[in-house]
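Below: structure.cif (mmCIF, C-alpha atoms)
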data_coords
#
loop_
_atom_site.label_atom_id
_atom_site.label_comp_id
_atom_site.auth_asym_id
_atom_site.auth_seq_id
_atom_site.Cartn_x
_atom_site.Cartn_y
_atom_site.Cartn_z
CA MET A 1 0.00 0.00 0.00
CA LYS A 2 2.86 2.36 0.79
CA LYS A 3 4.16 1.94 -2.74
CA THR A 4 0.96 3.39 -4.22
CA LYS A 5 0.85 6.45 -1.96
CA PRO A 6 -3.00 6.62 -1.87
CA SER A 7 -2.94 9.84 0.17
CA LEU A 8 -1.95 11.71 -3.01
CA PHE A 9 -5.11 10.51 -4.73
CA TRP A 10 -7.46 11.12 -1.83
CA TRP A 11 -6.12 14.59 -1.07
CA GLY A 12 -6.58 15.38 -4.75
CA ILE A 13 -10.18 14.15 -4.57
CA VAL A 14 -10.85 16.30 -1.50
CA LEU A 15 -9.51 19.41 -3.21
CA LEU A 16 -11.36 18.60 -6.42
CA LEU A 17 -14.69 17.79 -4.80
CA VAL A 18 -15.31 19.40 -1.43
CA PRO A 19 -14.84 23.17 -2.07
CA GLY A 20 -17.23 23.11 -5.05
CA LEU A 21 -19.87 21.17 -3.13
CA VAL A 22 -19.69 23.49 -0.12
CA HIS A 23 -19.82 26.53 -2.38
CA ALA A 24 -22.90 25.23 -4.22
CA TYR A 25 -24.59 24.31 -0.94
CA LEU A 26 -24.11 27.79 0.52
CA LEU A 27 -25.30 29.68 -2.57
CA MET A 28 -28.42 27.66 -3.38
CA PRO A 29 -31.56 27.08 -1.25
CA PHE A 30 -30.68 23.62 0.03
CA PRO A 31 -32.07 22.61 3.46
CA GLY A 32 -30.44 24.71 6.17
CA SER A 33 -28.00 26.50 3.87
CA GLN A 34 -29.82 29.83 3.66
CA ASP A 35 -30.12 30.21 7.43
CA LEU A 36 -26.34 30.32 7.89
CA ASN A 37 -24.55 33.67 8.11
CA ALA A 38 -22.04 32.59 5.50
CA ILE A 39 -21.95 35.20 2.77
CA THR A 40 -18.33 36.17 3.52
CA VAL A 41 -17.29 32.51 3.51
CA SER A 42 -19.18 32.03 0.22
CA TYR A 43 -17.49 35.06 -1.33
CA TYR A 44 -13.92 34.03 -0.58
CA LEU A 45 -14.61 30.35 -1.15
CA GLU A 46 -15.68 31.16 -4.72
CA LYS A 47 -12.29 32.75 -5.33
CA VAL A 48 -10.35 29.66 -4.24
CA VAL A 49 -12.52 26.88 -5.69
CA LEU A 50 -10.72 26.91 -9.05
CA PRO A 51 -7.14 27.06 -7.66
CA LEU A 52 -7.99 24.25 -5.24
CA ARG A 53 -9.44 22.18 -8.06
CA ILE A 54 -6.31 22.73 -10.14
CA ALA A 55 -4.15 21.64 -7.21
CA GLY A 56 -6.36 18.60 -6.74
CA ALA A 57 -6.20 17.74 -10.43
CA ILE A 58 -2.38 17.98 -10.36
CA LEU A 59 -2.21 15.57 -7.41
CA ILE A 60 -4.56 13.12 -9.14
CA ILE A 61 -2.71 13.27 -12.48
CA TRP A 62 0.57 12.77 -10.66
CA TYR A 63 -0.88 9.79 -8.84
CA LEU A 64 -2.41 8.27 -11.98
CA ALA A 65 0.82 8.65 -13.92
CA LYS A 66 3.11 7.21 -11.25
CA TYR A 67 1.11 4.88 -9.02
CA PHE A 68 -2.21 3.87 -10.62
CA THR A 69 -0.85 0.78 -12.38
CA LYS A 70 0.44 -0.53 -9.04
CA ASN A 71 -3.12 -0.72 -7.65
CA SER A 72 -5.03 -3.94 -7.37
CA THR A 73 -7.98 -4.44 -9.69
CA THR A 74 -10.34 -3.46 -6.88
CA GLY A 75 -8.28 -0.38 -6.13
CA LYS A 76 -8.39 0.67 -9.76
CA VAL A 77 -12.16 0.21 -9.98
CA VAL A 78 -12.72 2.19 -6.78
CA LYS A 79 -10.59 5.09 -7.94
CA ILE A 80 -12.17 5.20 -11.40
CA ALA A 81 -15.61 5.20 -9.76
CA VAL A 82 -14.58 8.07 -7.48
CA LEU A 83 -13.32 10.06 -10.47
CA ALA A 84 -16.68 9.48 -12.17
CA ILE A 85 -18.36 10.85 -9.06
CA CYS A 86 -16.14 13.93 -9.34
CA VAL A 87 -17.30 14.50 -12.91
CA ALA A 88 -20.94 14.16 -11.81
CA SER A 89 -20.27 16.53 -8.93
CA TYR A 90 -18.80 19.11 -11.31
CA TYR A 91 -21.96 18.97 -13.42
CA PHE A 92 -24.03 19.27 -10.23
CA THR A 93 -22.18 22.30 -8.84
CA ASP A 94 -21.16 24.18 -11.98
CA VAL A 95 -24.01 23.48 -14.39
CA MET A 96 -27.17 22.05 -12.87
CA PHE A 97 -27.18 24.19 -9.71
CA LYS A 98 -25.19 27.21 -10.83
CA ALA A 99 -27.36 30.34 -10.64
CA GLU A 100 -26.14 31.74 -13.96
CA SER A 101 -27.09 28.51 -15.70
CA MET A 102 -30.42 28.04 -13.99
CA PHE A 103 -31.64 31.63 -14.44
CA GLU A 104 -30.25 33.13 -17.61
CA GLU A 105 -30.73 36.69 -18.76
CA PRO A 106 -32.96 37.17 -21.82
CA GLN A 107 -31.17 36.40 -25.06
CA THR A 108 -33.47 38.82 -26.84
CA VAL A 109 -34.67 41.98 -25.06
CA LYS A 110 -37.62 43.05 -27.17
CA PHE A 111 -40.30 45.63 -26.38
CA ALA A 112 -43.66 46.35 -27.99
CA ASN A 113 -46.26 49.06 -27.61
CA ALA A 114 -49.79 48.31 -26.43
CA ILE A 115 -51.01 47.66 -29.97
CA ASN A 116 -48.39 45.03 -30.77
CA ASN A 117 -48.05 43.65 -27.26
CA LYS A 118 -48.34 39.89 -26.65
CA VAL A 119 -48.31 40.03 -22.83
CA PRO A 120 -51.74 39.48 -21.20
CA GLU A 121 -52.97 42.66 -19.54
CA ASN A 122 -53.77 40.82 -16.30
CA PHE A 123 -50.05 40.05 -15.83
CA VAL A 124 -48.30 41.95 -13.02
CA VAL A 125 -45.47 44.22 -14.16
CA ILE A 126 -42.66 46.32 -12.73
CA GLY A 127 -43.10 49.75 -14.31
CA VAL A 128 -40.42 52.42 -14.67
CA VAL A 129 -40.80 55.97 -16.02
CA ASN A 130 -38.05 58.40 -16.96
CA ASN A 131 -37.93 61.49 -19.15
CA GLY A 132 -41.36 60.81 -20.60
CA VAL A 133 -40.57 57.18 -21.45
CA ALA A 134 -42.43 54.35 -19.67
CA LYS A 135 -41.47 50.69 -19.72
CA ALA A 136 -43.14 47.65 -18.17
CA TYR A 137 -41.36 44.43 -17.20
CA PRO A 138 -43.68 41.45 -16.53
CA VAL A 139 -43.01 39.83 -13.16
CA ASP A 140 -43.55 36.31 -14.54
CA TYR A 141 -40.55 36.86 -16.84
CA LEU A 142 -38.43 38.72 -14.30
CA ALA A 143 -39.04 35.99 -11.71
CA TYR A 144 -37.19 33.57 -14.00
CA HIS A 145 -34.46 35.89 -15.31
CA HIS A 146 -33.99 37.66 -11.94
CA LYS A 147 -32.59 40.74 -13.68
CA VAL A 148 -32.83 42.72 -16.90
CA GLN A 149 -30.23 45.36 -17.72
CA ASP A 150 -31.78 48.09 -19.83
CA ASN A 151 -32.28 51.83 -20.43
CA VAL A 152 -35.44 53.86 -19.84
CA GLY A 153 -35.38 57.21 -21.60
CA SER A 154 -31.55 57.16 -21.68
CA LEU A 155 -31.44 56.25 -17.98
CA PRO A 156 -29.51 53.00 -17.33
CA VAL A 157 -31.57 50.66 -15.17
CA LEU A 158 -31.03 47.32 -13.49
CA VAL A 159 -34.51 45.81 -13.08
CA THR A 160 -34.38 42.94 -10.60
CA TYR A 161 -36.77 40.41 -9.12
CA CYS A 162 -36.13 37.62 -6.63
CA SER A 163 -38.66 34.79 -6.75
CA MET A 164 -37.45 33.30 -3.45
CA CYS A 165 -38.39 36.41 -1.49
CA ARG A 166 -40.99 37.68 -3.95
CA THR A 167 -39.80 41.21 -4.37
CA GLY A 168 -38.69 43.55 -7.13
CA ARG A 169 -36.18 46.38 -7.03
CA VAL A 170 -34.89 48.78 -9.64
CA TYR A 171 -31.36 50.11 -9.28
CA SER A 172 -28.95 52.32 -11.14
CA PRO A 173 -26.17 50.12 -12.55
CA LEU A 174 -23.73 53.03 -12.25
CA ILE A 175 -20.95 52.57 -9.71
CA ASN A 176 -18.57 55.50 -9.26
CA GLY A 177 -19.94 56.90 -12.51
CA SER A 178 -19.23 53.77 -14.54
CA ARG A 179 -21.95 51.47 -15.85
CA GLN A 180 -21.52 47.92 -14.64
CA ASN A 181 -22.72 44.56 -15.88
CA PHE A 182 -24.11 42.34 -13.14
CA ARG A 183 -24.20 38.59 -12.86
CA LEU A 184 -26.39 36.42 -10.67
CA VAL A 185 -24.19 34.70 -8.09
CA GLY A 186 -26.75 32.71 -6.12
CA ALA A 187 -28.70 33.38 -2.94
CA ARG A 188 -28.17 34.10 0.73
CA HIS A 189 -31.04 34.23 3.23
CA TYR A 190 -33.34 33.33 0.32
CA ASN A 191 -32.47 36.54 -1.49
CA ALA A 192 -30.65 36.83 -4.80
CA ILE A 193 -27.02 37.94 -4.71
CA ILE A 194 -25.63 39.85 -7.70
CA GLU A 195 -22.06 40.82 -8.48
CA ASP A 196 -20.87 43.84 -10.42
CA GLU A 197 -18.23 43.22 -13.04
CA GLY A 198 -15.91 46.07 -12.09
CA THR A 199 -15.36 45.66 -8.35
CA LYS A 200 -16.61 42.06 -7.90
CA THR A 201 -18.69 43.24 -4.94
CA TRP A 202 -21.68 41.10 -3.91
CA TRP A 203 -24.98 42.94 -3.45
CA TYR A 204 -28.25 41.86 -1.82
CA GLN A 205 -31.10 42.26 -4.31
CA ALA A 206 -33.69 43.13 -1.63
CA THR A 207 -31.78 46.09 -0.21
CA GLY A 208 -29.04 47.03 -2.68
CA LEU A 209 -26.56 46.64 0.18
CA ALA A 210 -23.00 45.62 -0.62
CA ALA A 211 -22.67 42.62 1.66
CA VAL A 212 -19.06 41.69 0.94
CA GLY A 213 -16.29 42.82 -1.37
CA LYS A 214 -14.49 46.04 -2.20
CA LEU A 215 -17.57 48.26 -1.69
CA LYS A 216 -18.91 46.50 1.41
CA GLY A 217 -21.36 48.69 3.31
CA SER A 218 -22.34 50.90 0.37
CA HIS A 219 -25.69 50.81 -1.44
CA LEU A 220 -26.76 50.73 -5.06
CA GLU A 221 -28.87 53.77 -5.93
CA GLU A 222 -32.49 52.68 -5.88
CA LEU A 223 -34.76 54.02 -8.63
CA PRO A 224 -38.53 54.45 -8.23
CA TYR A 225 -40.86 51.90 -9.76
CA GLU A 226 -44.44 50.72 -9.54
CA GLN A 227 -45.88 47.23 -9.37
CA SER A 228 -49.31 46.77 -10.90
CA THR A 229 -51.21 44.82 -13.49
CA LEU A 230 -50.32 45.68 -17.04
CA ALA A 231 -53.87 46.95 -17.56
CA SER A 232 -53.54 49.39 -14.67
CA TRP A 233 -50.10 50.48 -15.88
CA LEU A 234 -51.33 51.13 -19.42
CA ASP A 235 -54.26 53.10 -18.05
CA LYS A 236 -51.73 55.53 -16.56
CA HIS A 237 -49.09 55.19 -19.31
CA PRO A 238 -50.84 54.23 -22.57
CA ALA A 239 -47.68 54.81 -24.62
CA SER A 240 -45.62 52.46 -22.45
CA LEU A 241 -43.34 49.88 -24.00
CA ILE A 242 -43.74 46.34 -22.67
CA LEU A 243 -41.02 43.70 -22.40
CA GLN A 244 -42.01 40.74 -24.57
CA PRO A 245 -41.37 37.08 -23.71
CA ASP A 246 -38.13 35.58 -24.99
CA LYS A 247 -39.03 32.50 -27.05
CA HIS A 248 -35.96 30.68 -25.70
CA TYR A 249 -37.51 30.48 -22.21
CA VAL A 250 -41.17 29.62 -22.87
CA SER A 251 -41.07 26.50 -20.67
CA ASP A 252 -39.36 28.41 -17.83
CA TYR A 253 -42.08 31.08 -17.94
CA ALA A 254 -44.73 28.34 -17.93
CA ASP A 255 -43.29 26.99 -14.66
CA LEU A 256 -44.17 30.34 -13.06
CA LYS A 257 -47.81 30.32 -14.14
CA ASN A 258 -49.97 32.18 -11.58
CA TYR A 259 -46.84 33.13 -9.61
CA ASP A 260 -48.03 36.73 -9.68
CA ARG A 261 -51.42 36.05 -8.09
CA VAL A 262 -51.63 32.86 -5.98
CA GLN A 263 -50.25 32.78 -2.43
CA SER A 264 -48.76 29.73 -0.75
CA VAL A 265 -51.63 29.73 1.75
CA ASP A 266 -54.05 29.41 -1.15
CA ARG A 267 -52.25 26.30 -2.38
CA ASP A 268 -52.20 24.67 1.07
CA SER A 269 -55.36 22.56 1.26
CA THR A 270 -54.60 21.57 4.87
CA LEU A 271 -54.69 25.16 6.13
CA LYS A 272 -58.16 26.08 7.31
CA ASN A 273 -57.42 29.69 8.27
CA LYS A 274 -56.14 31.32 5.09
CA ASP A 275 -55.32 34.48 7.05
CA SER A 276 -52.62 32.67 9.01
CA LEU A 277 -49.27 34.44 9.00
CA MET A 278 -46.72 32.21 7.28
CA ARG A 279 -43.13 32.55 6.10
CA ARG A 280 -44.41 33.13 2.58
CA SER A 281 -47.32 35.37 3.45
CA TRP A 282 -47.33 38.41 1.19
CA MET A 283 -46.55 41.78 2.74
CA LEU A 284 -46.89 45.32 1.46
CA GLY A 285 -43.88 47.13 2.88
CA VAL A 286 -42.77 50.76 3.10
CA ILE A 287 -39.75 52.48 4.61
CA VAL A 288 -40.16 56.08 5.76
CA HIS A 289 -37.31 58.00 7.44
CA GLY A 290 -35.59 54.70 8.16
CA GLN A 291 -38.64 53.10 9.77
CA ALA A 292 -39.88 49.96 8.02
CA LYS A 293 -43.47 48.82 8.29
CA ALA A 294 -45.17 45.76 6.83
CA TYR A 295 -48.87 45.36 6.06
CA ASP A 296 -50.55 41.98 5.75
CA TRP A 297 -51.48 41.68 2.08
CA ARG A 298 -54.66 39.62 2.44
CA ARG A 299 -56.12 42.06 4.96
CA MET A 300 -55.05 45.04 2.88
CA VAL A 301 -56.88 43.58 -0.14
CA LYS A 302 -60.04 43.41 1.94
CA LYS A 303 -59.58 46.94 3.27
CA ARG A 304 -58.39 48.52 -0.03
CA LEU A 305 -57.49 51.90 1.57
CA LEU A 306 -55.62 52.49 4.80
CA ASN A 307 -54.76 55.81 6.43
CA ASP A 308 -51.75 55.23 8.66
CA GLN A 309 -48.60 56.84 10.01
CA VAL A 310 -45.02 55.63 9.63
CA ALA A 311 -42.43 57.44 11.72
CA THR A 312 -43.80 61.00 11.66
CA THR A 313 -45.28 60.76 8.17
CA PRO A 314 -48.97 60.20 7.48
CA VAL A 315 -49.34 57.67 4.68
CA LEU A 316 -52.05 56.32 2.43
CA LEU A 317 -51.84 52.69 1.33
CA ALA A 318 -54.08 51.70 -1.56
CA ILE A 319 -54.83 48.50 -3.46
CA GLU A 320 -56.84 48.73 -6.65
CA ASP A 321 -59.91 46.64 -7.34
CA ASP A 322 -57.80 44.16 -9.35
CA SER A 323 -56.35 43.14 -5.93
CA LEU A 324 -52.84 43.19 -7.41
CA SER A 325 -51.90 46.83 -8.10
CA TYR A 326 -50.74 48.72 -5.02
CA HIS A 327 -49.68 52.26 -4.15
CA ALA A 328 -48.28 54.24 -1.23
CA PHE A 329 -48.46 58.01 -0.78
CA ASP A 330 -47.56 60.74 1.66
CA SER A 331 -51.07 61.92 2.55
CA ARG A 332 -50.01 65.48 3.34
CA LEU A 333 -50.80 68.27 0.93
CA ASN A 334 -49.76 71.88 1.53
CA GLY A 335 -49.08 71.08 5.17
CA GLN A 336 -52.50 69.49 5.74
CA THR A 337 -52.98 65.78 6.41
CA LEU A 338 -55.76 64.34 4.31
CA HIS A 339 -57.79 61.26 5.18
CA PHE A 340 -59.11 59.09 2.40
CA LYS A 341 -61.95 56.65 1.83
CA LEU A 342 -63.75 54.90 -1.00
CA ASP A 343 -67.17 56.31 -1.79
CA THR A 344 -70.14 54.19 -2.84
CA ALA A 345 -69.05 54.40 -6.49
CA GLY A 346 -65.58 53.08 -5.64
CA ASN A 347 -63.86 56.45 -6.07
CA ILE A 348 -61.11 57.66 -3.74
CA THR A 349 -62.18 60.82 -1.93
CA ASP A 350 -60.63 62.82 0.89
CA GLN A 351 -62.75 63.61 3.94
CA GLU A 352 -61.44 67.15 4.26
CA THR A 353 -62.52 68.53 0.83
CA ALA A 354 -64.46 65.66 -0.81
CA SER A 355 -62.15 65.91 -3.83
CA VAL A 356 -61.92 62.85 -6.07
CA TRP A 357 -58.53 61.17 -6.62
CA ASP A 358 -57.26 58.56 -9.04
CA TRP A 359 -54.97 55.62 -8.27
CA ASP A 360 -51.94 57.64 -9.33
CA GLY A 361 -52.43 60.15 -6.51
CA LEU A 362 -53.90 62.88 -8.75
CA ALA A 363 -56.99 64.86 -7.73
CA THR A 364 -59.27 64.68 -10.77
CA ASP A 365 -62.26 66.60 -9.41
CA GLY A 366 -63.24 68.90 -6.57
CA LYS A 367 -61.52 71.65 -4.64
CA LEU A 368 -58.07 70.07 -4.94
CA LYS A 369 -58.33 69.19 -8.64
CA GLY A 370 -54.89 69.10 -10.25
CA SER A 371 -53.08 68.49 -6.96
CA ARG A 372 -50.93 65.40 -6.62
CA LEU A 373 -49.82 63.37 -3.62
CA THR A 374 -46.15 62.49 -3.22
CA LYS A 375 -45.48 58.83 -3.88
CA ILE A 376 -43.74 56.59 -1.37
CA GLN A 377 -41.94 53.53 -2.69
CA GLY A 378 -43.86 50.41 -1.77
CA TYR A 379 -42.68 46.80 -1.93
CA GLN A 380 -44.41 43.45 -2.08
CA GLU A 381 -42.39 40.79 -0.31
CA TYR A 382 -42.60 37.53 1.59
CA TRP A 383 -42.87 38.03 5.35
CA HIS A 384 -39.75 35.96 6.14
CA SER A 385 -37.66 38.07 3.77
CA TRP A 386 -39.01 41.43 4.89
CA LYS A 387 -38.46 40.76 8.58
CA HIS A 388 -34.95 39.37 7.95
CA PHE A 389 -33.77 42.44 6.06
CA HIS A 390 -35.75 44.84 8.28
CA PRO A 391 -35.48 43.29 11.77
CA ASN A 392 -36.93 46.41 13.44
CA THR A 393 -39.98 46.49 11.20
CA LEU A 394 -43.38 47.37 12.55
CA PHE A 395 -46.24 45.11 11.51
CA TRP A 396 -49.86 45.99 10.73
CA LYS A 397 -52.57 43.38 10.88
CA GLU A 398 -56.03 44.75 11.62
#

Show me this structure written as structure tokens.
Amino acid sequence: MKKTKPSLFWWGIVLLLVPGLVHAYLLMPFPGSQDLNAITVSYYLEKVVLPLRIAGAILIIWYLAKYFTKNSTTGKVVKIAVLAICVASYYFTDVMFKAESMFEEPQTVKFANAINNKVPENFVVIGVVNNGVAKAYPVDYLAYHHKVQDNVGSLPVLVTYCSMCRTGRVYSPLINGSRQNFRLVGARHYNAIIEDEGTKTWWYQATGLAAVGKLKGSHLEELPYEQSTLASWLDKHPASLILQPDKHYVSDYADLKNYDRVQSVDRDSTLKNKDSLMRRSWMLGVIVHGQAKAYDWRRMVKKRLLNDQVATTPVLLAIEDDSLSYHAFDSRLNGQTLHFKLDTAGNITDQETASVWDWDGLATDGKLKGSRLTKIQGYQEYWHSWKHFHPNTLFWKE
């Protein structure tokens, strides 16, 4: 046995196999992996996986060239079988469960106007407006791709969506004045991690926070967006361009059918109380002056309008009658706090002047006609994700 020096082979196997498996485990939602505080380990492990594999391969090649023929038949079979396992493991870690392979960016980024659009108008979209140009990105497509890098009215945008935490964000892809390309790394705490090409920093999709890398502690600049049905979006922006489905990913889109409208509690036939708060319960979240607050989605759908206060700011939360389009506003106007309700015809009116308002925060009739409420960025997100990234959040459940 000493003549064959098996330790060379087995150390090579360890270096070839273990780092890649650990790396894949930490960056994908395997049981227990996402609950570990291991993003720094994941970051530096990714940088050494290849060098360790090369070192392992050198040890194995050295062993095969010098000692393999001295093995018994059983020893040869065992080692060949182990090498086959290494090949299978490589496919497992670097192809099958590699984020970039599982969730590719669109090969064809194509937009159409409302006349030529092929996207159903009941689909939920992420809408962005800049310099008179409006674009809509269907959530069912974003939930597969996770990100689309684009321009809206000459403004560079990074439109993101994480299906594991059910939330969209739109960021500027400019870092220190330079536009960056981003790649999907994997996930930590059930939230997508993206890396910019220039600094190799890893960023949380849900917050834009640089979690590890050269720019650790900084934030991507968040850009305003709206989430609504395409029909509601086109009602406000009839000239909007709409991202069309990429024919290369039809089956992947099909796997997300009804993702934009059916909650986990609705799929659970064993759950009698559908209003139970679960990890994947939908929340409507806002952050005002650093204070986060979450609103139970199912109860908000029933209520439709809610006058509330977050930090020192009075806010209006509103969900349209499609039960999917949501809005958040600062309910102050000219120093006066307004209180809103739905009248018998389903119109938004304020109690102070009885003016009529649309779902975009514009007074369309009455004393305040032409006035507009200031929008507050709202987010739809799973409860477990929201409370993880906003541990001091307040919670509303009437």

Would you mind listing, for every residue of region 123-237 of chain A within 9 Å of region 370-379 of chain A, the two atoms forming the shortest contact and the distance between them in Å to one decimal, using all atoms listed in the file, sorted by chain and ascending residue number, as a tab-separated table?
residue	atom	partner	partner_atom	distance
A:Thr167	CA	A:Tyr379	CA	6.7
A:Gly168	CA	A:Tyr379	CA	7.3
A:Arg169	CA	A:Tyr379	CA	8.3
A:Pro224	CA	A:Gln377	CA	6.6
A:Tyr225	CA	A:Gln377	CA	7.3
A:Glu226	CA	A:Gly378	CA	7.8
A:Gln227	CA	A:Tyr379	CA	8.1

If you count all atoms listed in the file, which residues fall within 7 Å of region 199-210 of chain A, apart from same-chain ones fewer than 5 positions away, as a ChimeraX atom specification?
/A:167,169,191-194,215-220

Length of the CA of Leu15 (chain A) to CA of Ala187 (chain A) vector [Å]:
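Going from CA of Leu15 (chain A) over to CA of Ala187 (chain A), I get 23.7 Å.
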
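Reported to one decimal place, the separation of CA of Tyr144 (chain A) from CA of Ser101 (chain A) is 11.4 Å.
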
Contacts of Val78 (chain A) within 12 Å, all atoms listed in the file, excl. fewer than 6 positions in-chain, as a PyMOL selection string
chain A and resi 6+9-10+68+71-72+84-85

Which value, in Å to one decimal, gives the distance between CA of Tyr137 (chain A) and CA of Pro173 (chain A)?
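Straight-line distance from CA of Tyr137 (chain A) to CA of Pro173 (chain A) works out to 16.9 Å.
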
For Arg298 (chain A), work out the shell of residues within 10 Å, counting all atoms listed in the file and skipping chain neighbours fewer than 3 positions away, then give it as a list in words.
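Everything that qualifies: Gln263, Lys274, Asp275, Ser276, Leu277, Ser281, Trp282, Met283, Leu284, Tyr295, Val301, Lys302, Lys303, Arg304, Ser323 and Lys397 of chain A.
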
The PyMOL selection byres ((chain A and resi 107) around 8) applied to the shown file, residues as a PDB file with C-alpha atoms, in the coordinates of the input:
ATOM      1  CA  GLU A 105     -30.730  36.690 -18.760  1.00  0.00           C
ATOM      2  CA  PRO A 106     -32.960  37.170 -21.820  1.00  0.00           C
ATOM      3  CA  THR A 108     -33.470  38.820 -26.840  1.00  0.00           C
ATOM      4  CA  VAL A 109     -34.670  41.980 -25.060  1.00  0.00           C
ATOM      5  CA  ASP A 246     -38.130  35.580 -24.990  1.00  0.00           C
ATOM      6  CA  HIS A 248     -35.960  30.680 -25.700  1.00  0.00           C
TER       7      HIS A 248
END

Just want the 9 Å neighbourhood of Glu398 (chain A), counted on all atoms listed in the file, with same-chain residues fewer than 5 positions away dropped. Output as a PyMOL selection string.
chain A and resi 296+299-300

Serialized selection, C-alpha atoms, as a short mmCIF file (atom, residue, chain, number, x, y, z; two decimals), in the coordinates of the input:
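In the end it all went to part-v1.cif:
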data_model
loop_
_atom_site.label_atom_id
_atom_site.label_comp_id
_atom_site.auth_asym_id
_atom_site.auth_seq_id
_atom_site.Cartn_x
_atom_site.Cartn_y
_atom_site.Cartn_z
CA ASP A 296 -50.55 41.98 5.75
CA ARG A 299 -56.12 42.06 4.96
CA MET A 300 -55.05 45.04 2.88
#

Using all atoms listed in the file, which of the listed residues (A:Glu100, A:Glu381, A:Asp235, A:Asp252) sits closest to Tyr141 (chain A)?
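The shortest atom-to-atom distance to Tyr141 (chain A) comes from A:Asp252.
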